[in-house]
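Shown next: target_35.tsv, containing TSV, C-alpha atoms and all ligand atoms.
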chain	number	residue	atom	x	y	z
I	106	MET	CA	48.53	5.78	-25.48
I	107	SER	CA	46.27	4.81	-22.70
I	108	SER	CA	46.63	8.19	-20.98
I	109	HIS	CA	44.98	9.71	-24.04
I	110	GLU	CA	42.09	7.22	-23.78
I	111	HIS	CA	41.59	8.14	-20.15
I	112	GLU	CA	41.54	11.82	-20.99
I	113	GLU	CA	38.82	11.20	-23.56
I	114	GLU	CA	36.76	9.24	-21.06
I	115	VAL	CA	37.04	11.94	-18.40
I	116	LEU	CA	36.14	14.70	-20.86
I	117	ALA	CA	33.13	12.95	-22.44
I	118	PRO	CA	30.93	15.69	-23.89
I	119	THR	CA	27.72	15.46	-21.85
I	120	PRO	CA	26.96	14.31	-18.27
I	121	GLY	CA	24.82	11.51	-19.74
I	122	ALA	CA	27.69	10.31	-21.92
I	123	ARG	CA	30.04	10.36	-18.91
I	124	VAL	CA	27.65	8.19	-16.88
I	125	THR	CA	27.20	5.77	-19.80
I	126	ALA	CA	30.97	5.53	-20.31
I	127	PHE	CA	31.43	4.95	-16.58
I	128	LEU	CA	28.80	2.22	-16.42
I	129	LYS	CA	30.35	0.42	-19.42
I	130	ARG	CA	33.65	-0.08	-17.64
I	131	ARG	CA	34.32	-3.70	-16.75
I	132	ASP	CA	35.71	-2.85	-13.29
I	133	VAL	CA	32.55	-0.84	-12.53
I	134	ARG	CA	30.24	-3.64	-13.67
I	135	VAL	CA	32.02	-6.41	-11.79
I	136	SER	CA	32.39	-4.28	-8.61
I	137	THR	CA	28.67	-3.40	-8.78
I	138	ALA	CA	27.68	-7.05	-9.21
I	139	LEU	CA	29.86	-8.02	-6.25
I	140	GLY	CA	28.39	-5.08	-4.30
I	141	ILE	CA	24.84	-6.27	-4.92
I	142	PHE	CA	25.85	-9.78	-3.82
I	143	PHE	CA	27.37	-8.51	-0.54
I	144	THR	CA	24.35	-6.23	0.04
I	145	LEU	CA	22.03	-9.24	-0.21
I	146	VAL	CA	24.26	-11.16	2.23
I	147	PHE	CA	24.00	-8.31	4.80
I	148	VAL	CA	20.23	-7.99	4.31
I	149	LEU	CA	19.92	-11.74	4.91
I	150	LEU	CA	22.06	-11.48	8.05
I	151	GLY	CA	19.97	-8.56	9.36
I	152	TRP	CA	16.71	-10.31	8.57
I	153	LYS	CA	17.40	-13.91	9.67
I	154	PHE	CA	20.42	-14.02	11.96
I	155	TYR	CA	21.08	-10.69	13.64
I	156	PRO	CA	17.99	-10.82	15.95
I	157	HIS	CA	19.28	-14.15	17.34
I	158	TRP	CA	22.63	-12.55	18.26
I	159	MET	CA	20.96	-9.79	20.29
I	160	PRO	CA	20.36	-10.25	24.04
I	161	THR	CA	16.94	-11.72	24.91
I	162	ILE	CA	14.21	-9.13	24.48
I	163	MET	CA	12.76	-8.58	27.96
I	164	SER	CA	11.36	-5.04	27.86
I	165	THR	CA	9.58	-2.52	25.69
I	166	ASP	CA	12.87	-0.65	25.18
I	167	MET	CA	14.77	-3.77	24.11
I	168	LYS	CA	12.05	-4.49	21.53
I	169	ALA	CA	12.44	-0.97	20.11
I	170	ASN	CA	16.25	-1.34	20.14
I	171	GLU	CA	16.02	-4.51	18.09
I	172	ALA	CA	13.76	-2.96	15.47
I	173	LEU	CA	16.12	0.00	15.19
I	174	MET	CA	19.27	-2.14	14.94
I	175	VAL	CA	17.75	-4.37	12.23
I	176	ALA	CA	16.58	-1.31	10.25
I	177	PHE	CA	20.03	0.29	10.52
I	178	THR	CA	21.58	-2.96	9.30
I	179	TYR	CA	19.38	-2.74	6.18
I	180	ILE	CA	20.28	0.92	5.65
I	181	SER	CA	24.01	0.31	5.94
I	182	ALA	CA	23.94	-2.94	3.88
I	183	PRO	CA	24.25	-1.31	0.41
I	184	ILE	CA	27.05	1.03	1.54
I	185	CYS	CA	29.01	-1.80	3.15
I	186	GLY	CA	28.19	-4.06	0.17
I	187	ILE	CA	29.50	-1.63	-2.46
I	188	VAL	CA	32.69	-0.93	-0.49
I	189	LEU	CA	33.33	-4.68	-0.11
I	190	GLY	CA	32.55	-5.18	-3.82
I	191	ILE	CA	35.16	-2.61	-4.85
I	192	ALA	CA	37.66	-4.01	-2.33
I	193	THR	CA	37.14	-7.57	-3.62
I	194	TYR	CA	37.53	-6.53	-7.27
I	195	THR	CA	40.65	-4.53	-6.42
I	196	PHE	CA	42.13	-7.45	-4.51
I	197	MET	CA	41.39	-9.87	-7.37
I	198	HIS	CA	43.16	-7.54	-9.84
I	199	ARG	CA	45.98	-6.38	-7.61
I	200	HIS	CA	49.23	-5.55	-9.35
I	201	LYS	CA	51.99	-8.15	-9.51
I	202	GLY	CA	55.46	-7.33	-10.79
I	203	ASP	CA	57.88	-4.43	-10.66
I	204	THR	CA	56.48	-1.66	-12.84
I	205	PRO	CA	53.49	0.12	-11.28
I	206	PRO	CA	50.56	0.26	-13.71
I	207	GLU	CA	49.24	3.55	-14.98
I	208	ASP	CA	46.51	5.18	-12.91
I	209	GLY	CA	42.91	5.06	-14.19
I	210	PRO	CA	40.71	8.09	-14.86
I	211	ALA	CA	39.85	10.22	-11.84
I	212	ILE	CA	36.26	9.69	-10.67
I	213	ARG	CA	36.14	13.15	-9.05
I	214	THR	CA	35.75	14.72	-12.50
I	215	ASN	CA	32.56	12.70	-13.11
I	216	GLY	CA	29.99	15.27	-11.88
I	217	PRO	CA	26.77	13.20	-12.05
I	218	LEU	CA	28.42	10.30	-10.25
I	219	VAL	CA	29.77	12.49	-7.44
I	220	VAL	CA	26.37	14.19	-7.00
I	221	THR	CA	24.56	10.82	-6.96
I	222	TRP	CA	26.68	9.22	-4.25
I	223	THR	CA	26.72	12.39	-2.14
I	224	VAL	CA	22.92	12.74	-2.24
I	225	VAL	CA	22.20	9.03	-1.69
I	226	THR	CA	24.57	8.60	1.26
I	227	SER	CA	23.33	11.90	2.80
I	228	LEU	CA	19.76	10.63	2.60
I	229	PHE	CA	20.76	7.40	4.37
I	230	ALA	CA	22.49	9.43	7.12
I	231	LEU	CA	19.50	11.81	7.45
I	232	LEU	CA	17.08	8.88	7.74
I	233	ALA	CA	19.23	7.33	10.49
I	234	ILE	CA	19.40	10.62	12.44
I	235	VAL	CA	15.67	11.40	12.17
I	236	TRP	CA	14.69	7.84	13.05
I	237	GLY	CA	17.06	7.70	16.04
I	238	ILE	CA	15.86	11.01	17.50
I	239	THR	CA	12.19	10.10	16.94
I	240	GLU	CA	12.69	6.74	18.69
I	241	LEU	CA	14.28	8.47	21.70
I	242	ASN	CA	11.35	10.88	22.03
I	243	VAL	CA	8.69	8.20	21.59
I	244	GLY	CA	10.28	6.37	24.53
I	245	ALA	CA	10.30	9.53	26.65
I	246	THR	CA	6.64	10.32	25.85
I	247	ALA	CA	5.45	6.80	26.66
I	248	ALA	CA	7.43	6.94	29.92
I	249	ALA	CA	5.74	10.17	31.02
I	250	ALA	CA	2.33	8.56	30.50
I	251	GLU	CA	3.32	5.53	32.58
I	252	ALA	CA	4.95	7.45	35.42
I	253	LYS	CA	1.93	7.34	37.78
I	254	SER	CA	1.75	3.57	38.13
I	255	ALA	CA	5.51	3.06	37.93
I	256	LEU	CA	7.74	1.37	40.47
I	257	VAL	CA	10.65	3.64	41.41
I	258	VAL	CA	14.09	2.06	41.86
I	259	GLU	CA	17.00	4.23	42.99
I	260	VAL	CA	20.15	2.85	41.39
I	261	THR	CA	23.51	3.79	42.88
I	262	GLY	CA	26.81	2.89	41.25
I	263	SER	CA	29.91	2.87	43.43
I	264	GLN	CA	33.35	1.34	43.00
I	265	TRP	CA	32.54	-1.49	42.23
I	266	VAL	CA	29.05	-2.49	43.17
I	267	TRP	CA	25.45	-1.68	42.22
I	268	THR	CA	22.90	-0.90	44.95
I	269	PHE	CA	19.15	-0.86	44.36
I	270	ASN	CA	16.87	1.00	46.71
I	271	TYR	CA	13.08	0.59	46.40
I	272	PRO	CA	11.79	3.60	48.39
I	273	SER	CA	8.08	2.66	48.17
I	274	LEU	CA	8.81	-0.88	49.47
I	275	GLY	CA	11.42	-0.07	52.09
I	276	ILE	CA	14.16	-2.40	50.83
I	277	GLU	CA	17.72	-2.08	49.56
I	278	THR	CA	19.48	-4.88	47.67
I	279	HIS	CA	22.31	-5.71	45.28
I	280	GLU	CA	20.14	-7.77	42.92
I	281	LEU	CA	17.66	-6.10	40.61
I	282	ASN	CA	14.35	-7.96	40.82
I	283	LEU	CA	11.34	-6.47	39.08
I	284	PRO	CA	7.68	-7.43	38.54
I	285	ILE	CA	6.65	-8.18	34.97
I	286	ASN	CA	4.48	-5.71	33.01
I	287	GLN	CA	4.84	-2.93	35.55
I	288	PRO	CA	6.50	0.28	34.34
I	289	VAL	CA	9.68	1.02	36.25
I	290	ILE	CA	11.54	4.30	36.73
I	291	PHE	CA	15.27	4.10	37.45
I	292	ASP	CA	16.75	7.11	39.25
I	293	VAL	CA	20.44	6.57	38.56
I	294	VAL	CA	23.35	8.18	40.44
I	295	SER	CA	26.95	7.46	41.39
I	296	SER	CA	28.53	7.84	44.80
I	297	ASP	CA	32.05	8.27	43.40
I	298	VAL	CA	33.31	8.20	39.80
I	299	ASN	CA	31.22	7.95	36.62
I	300	HIS	CA	29.60	4.58	35.98
I	301	SER	CA	27.02	3.45	33.44
I	302	PHE	CA	23.96	1.45	34.45
I	303	TRP	CA	23.30	-1.30	31.91
I	304	PRO	CA	20.60	-3.92	32.55
I	305	VAL	CA	21.39	-5.70	29.28
I	306	GLN	CA	18.13	-7.52	28.45
I	307	LEU	CA	16.06	-4.45	29.32
I	308	GLY	CA	17.67	-2.42	26.53
I	309	VAL	CA	18.57	0.45	28.87
I	310	LYS	CA	22.01	1.98	29.22
I	311	VAL	CA	22.49	5.28	31.00
I	312	ASP	CA	25.30	7.17	32.74
I	313	ALA	CA	25.49	7.11	36.53
I	314	ASN	CA	26.97	10.46	37.55
I	315	ARG	CA	27.84	11.99	40.87
I	316	LEU	CA	25.58	14.88	42.08
I	317	GLU	CA	23.18	14.42	39.15
I	318	THR	CA	20.29	11.96	38.92
I	319	THR	CA	19.61	10.46	35.50
I	320	VAL	CA	16.07	9.18	35.05
I	321	VAL	CA	15.24	6.35	32.68
I	322	HIS	CA	12.06	4.30	32.19
I	323	THR	CA	11.12	0.92	30.81
I	324	THR	CA	8.58	-1.88	31.25
I	325	PRO	CA	9.77	-5.49	31.68
I	326	THR	CA	7.79	-7.80	29.38
I	327	LYS	CA	9.35	-11.26	29.86
I	328	LEU	CA	10.06	-13.48	32.87
I	329	GLY	CA	13.64	-14.59	33.43
I	330	ASN	CA	17.13	-13.62	34.50
I	331	ILE	CA	18.74	-10.33	33.63
I	332	ASP	CA	22.38	-9.22	33.74
I	333	ILE	CA	23.38	-5.81	35.09
I	334	LYS	CA	26.76	-4.46	34.04
I	335	CYS	CA	28.76	-1.27	34.27
I	336	ALA	CA	29.35	0.19	30.80
I	337	GLU	CA	31.74	3.00	31.76
I	338	LEU	CA	35.39	2.33	32.61
I	339	CYS	CA	35.41	3.16	36.33
I	340	GLY	CA	38.63	1.81	37.81
I	341	LEU	CA	40.51	-1.37	38.62
I	342	TYR	CA	37.53	-3.73	39.06
I	343	HIS	CA	35.24	-2.18	36.43
I	344	ALA	CA	35.06	-5.51	34.58
I	345	TYR	CA	33.68	-7.20	37.73
I	346	MET	CA	31.08	-4.53	38.43
I	347	GLU	CA	28.14	-6.72	37.52
I	348	THR	CA	25.21	-8.34	39.19
I	349	SER	CA	22.03	-10.13	38.20
I	350	GLY	CA	18.33	-9.99	38.78
I	351	GLN	CA	15.03	-11.47	37.76
I	352	ILE	CA	11.85	-10.39	36.09
I	353	MET	CA	9.19	-12.06	38.28
I	354	THR	CA	5.45	-12.50	38.40
I	355	GLY	CA	3.72	-9.97	40.65
I	356	SER	CA	3.13	-12.52	43.43
I	357	ASP	CA	6.71	-13.85	43.33
I	358	PHE	CA	7.93	-10.28	43.50
I	359	ASN	CA	5.73	-9.54	46.54
I	360	ASN	CA	7.02	-12.68	48.28
I	361	TRP	CA	10.60	-11.63	47.58
I	362	VAL	CA	9.94	-8.11	48.93
I	363	THR	CA	8.43	-9.59	52.12
I	364	ALA	CA	11.41	-11.95	52.51
I	365	GLN	CA	13.71	-8.93	52.25
I	366	GLY	CA	11.85	-7.31	55.16
I	367	GLY	CA	9.97	-4.83	53.00
I	368	HIS	CA	6.29	-3.98	52.77
I	369	THR	CA	4.32	-4.66	49.60
I	370	ALA	CA	2.35	-1.92	47.93
I	401	CU	CU	31.43	1.19	37.17

Translate the structure of the given file into structure tokens.
Amino acid sequence: MSSHEHEEEVLAPTPGARVTAFLKRRDVRVSTALGIFFTLVFVLLGWKFYPHWMPTIMSTDMKANEALMVAFTYISAPICGIVLGIATYTFMHRHKGDTPPEDGPAIRTNGPLVVTWTVVTSLFALLAIVWGITELNVGATAAAAEAKSALVVEVTGSQWVWTFNYPSLGIETHELNLPINQPVIFDVVSSDVNHSFWPVQLGVKVDANRLETTVVHTTPTKLGNIDIKCAELCGLYHAYMETSGQIMTGSDFNNWVTAQGGHTA
């Protein structure tokens, strides 16, 4: 009887024998091989293709975001790969016919295996948490150091338009133009409901709340156009709450400020 065989496999005498018996199973071997294949596919995607699917990197923050996203792709690749491997094997050997087949041995009774996957996946999760928090604080520390020379832009979200006030230059606009390589501080608020300020290529996304200013810093590092969107559902025309801007050379920026009726620093 196959149920007897399963019982013997589950109750193998030592933890080592249980692991060996587990690793000798054909379904385990084929699923693992498929898992390694899918892991390599995801690593390749993260390494070669994923960076091209990200928005253009136009600030220090966007550069850090990309490094983090690629690293997290690598970390999640083996987990996703193994799950897909098991799913593919299961699909290839799915049951056809009327009588349901007998269930296999329960993996939960295999102590070493349960401990291994719990520890390994916990370590992956811990690495992701520590890395994410560290990255946030590195950004905040760098921003504090830059604050003296920074250009301040007061960003106001309102249904359904973005307004940018440059207090040191005396101008207010609906397009976000910034000089390259100068640190910028965004003081973000809302005049009505909650919005979320998202200048995509600058790698910044932060809530715009009423009665509370959220401060965020970055430094633009590349000339070109940027898109500004609202990333918080804020009413009927939320999807149209977007505008554009440009990262300009210092002299182009000064000319633009003058044309707007402002005074250059
Ligand atoms: Cu909005």

Practice prompt. Counting all atoms listed in the file, note down every residue that has an atom within 9 Å of the point (13.3, 4.3, 37.8) (file coordinates), as a ChimeraX atom specification.
Written response: /I:255-260,288-293,320-323

Practice prompt. Work out how far atom CA of I:Leu241 is from atom CA of I:Gly186, in Å to one decimal.
Written response: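 So the answer is 28.5 Å.
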
So that each row is one residue of chain I with an atom at most 7 Å from ligand CU 401 (chain I), can you give its shortest atom pair and the distance in Å to one decimal, using all atoms listed in the file, rows by chain and rising number, as JSON lines?
{"residue": "I:Gly262", "atom": "CA", "partner": "I:CU401", "partner_atom": "CU", "distance": 6.4}
{"residue": "I:Ser263", "atom": "CA", "partner": "I:CU401", "partner_atom": "CU", "distance": 6.7}
{"residue": "I:Gln264", "atom": "CA", "partner": "I:CU401", "partner_atom": "CU", "distance": 6.1}
{"residue": "I:Trp265", "atom": "CA", "partner": "I:CU401", "partner_atom": "CU", "distance": 5.8}
{"residue": "I:Asn299", "atom": "CA", "partner": "I:CU401", "partner_atom": "CU", "distance": 6.8}
{"residue": "I:His300", "atom": "CA", "partner": "I:CU401", "partner_atom": "CU", "distance": 4.0}
{"residue": "I:Ser301", "atom": "CA", "partner": "I:CU401", "partner_atom": "CU", "distance": 6.2}
{"residue": "I:Cys335", "atom": "CA", "partner": "I:CU401", "partner_atom": "CU", "distance": 4.6}
{"residue": "I:Ala336", "atom": "CA", "partner": "I:CU401", "partner_atom": "CU", "distance": 6.8}
{"residue": "I:Glu337", "atom": "CA", "partner": "I:CU401", "partner_atom": "CU", "distance": 5.7}
{"residue": "I:Leu338", "atom": "CA", "partner": "I:CU401", "partner_atom": "CU", "distance": 6.1}
{"residue": "I:Cys339", "atom": "CA", "partner": "I:CU401", "partner_atom": "CU", "distance": 4.5}
{"residue": "I:His343", "atom": "CA", "partner": "I:CU401", "partner_atom": "CU", "distance": 5.1}
{"residue": "I:Met346", "atom": "CA", "partner": "I:CU401", "partner_atom": "CU", "distance": 5.9}

Axis-aligned box for all listed atoms of stretch 164-173 of chain I, 5 Å per side, centre and edges in Å to one decimal, as lines of an AutoDock Vina configuration file:
center_x = 12.9
center_y = -2.5
center_z = 21.5
size_x = 16.7
size_y = 15.0
size_z = 22.7

For the contact check between stretch 240-319 of chain I and stretch 356-369 of chain I, emit one row per residue of stretch 240-319 of chain I within 8 Å, containing the shortest atom pair and the distance in Å rounded to one decimal, counting all atoms listed in the file, chain then rising number order, as a tab-separated table.
residue	atom	partner	partner_atom	distance
I:Leu274	CA	I:His368	CA	5.2
I:Gly275	CA	I:Gly367	CA	5.1
I:Ile276	CA	I:Gly367	CA	5.3
I:Asn282	CA	I:Phe358	CA	7.3
I:Leu283	CA	I:Phe358	CA	6.8
I:Pro284	CA	I:Phe358	CA	5.7
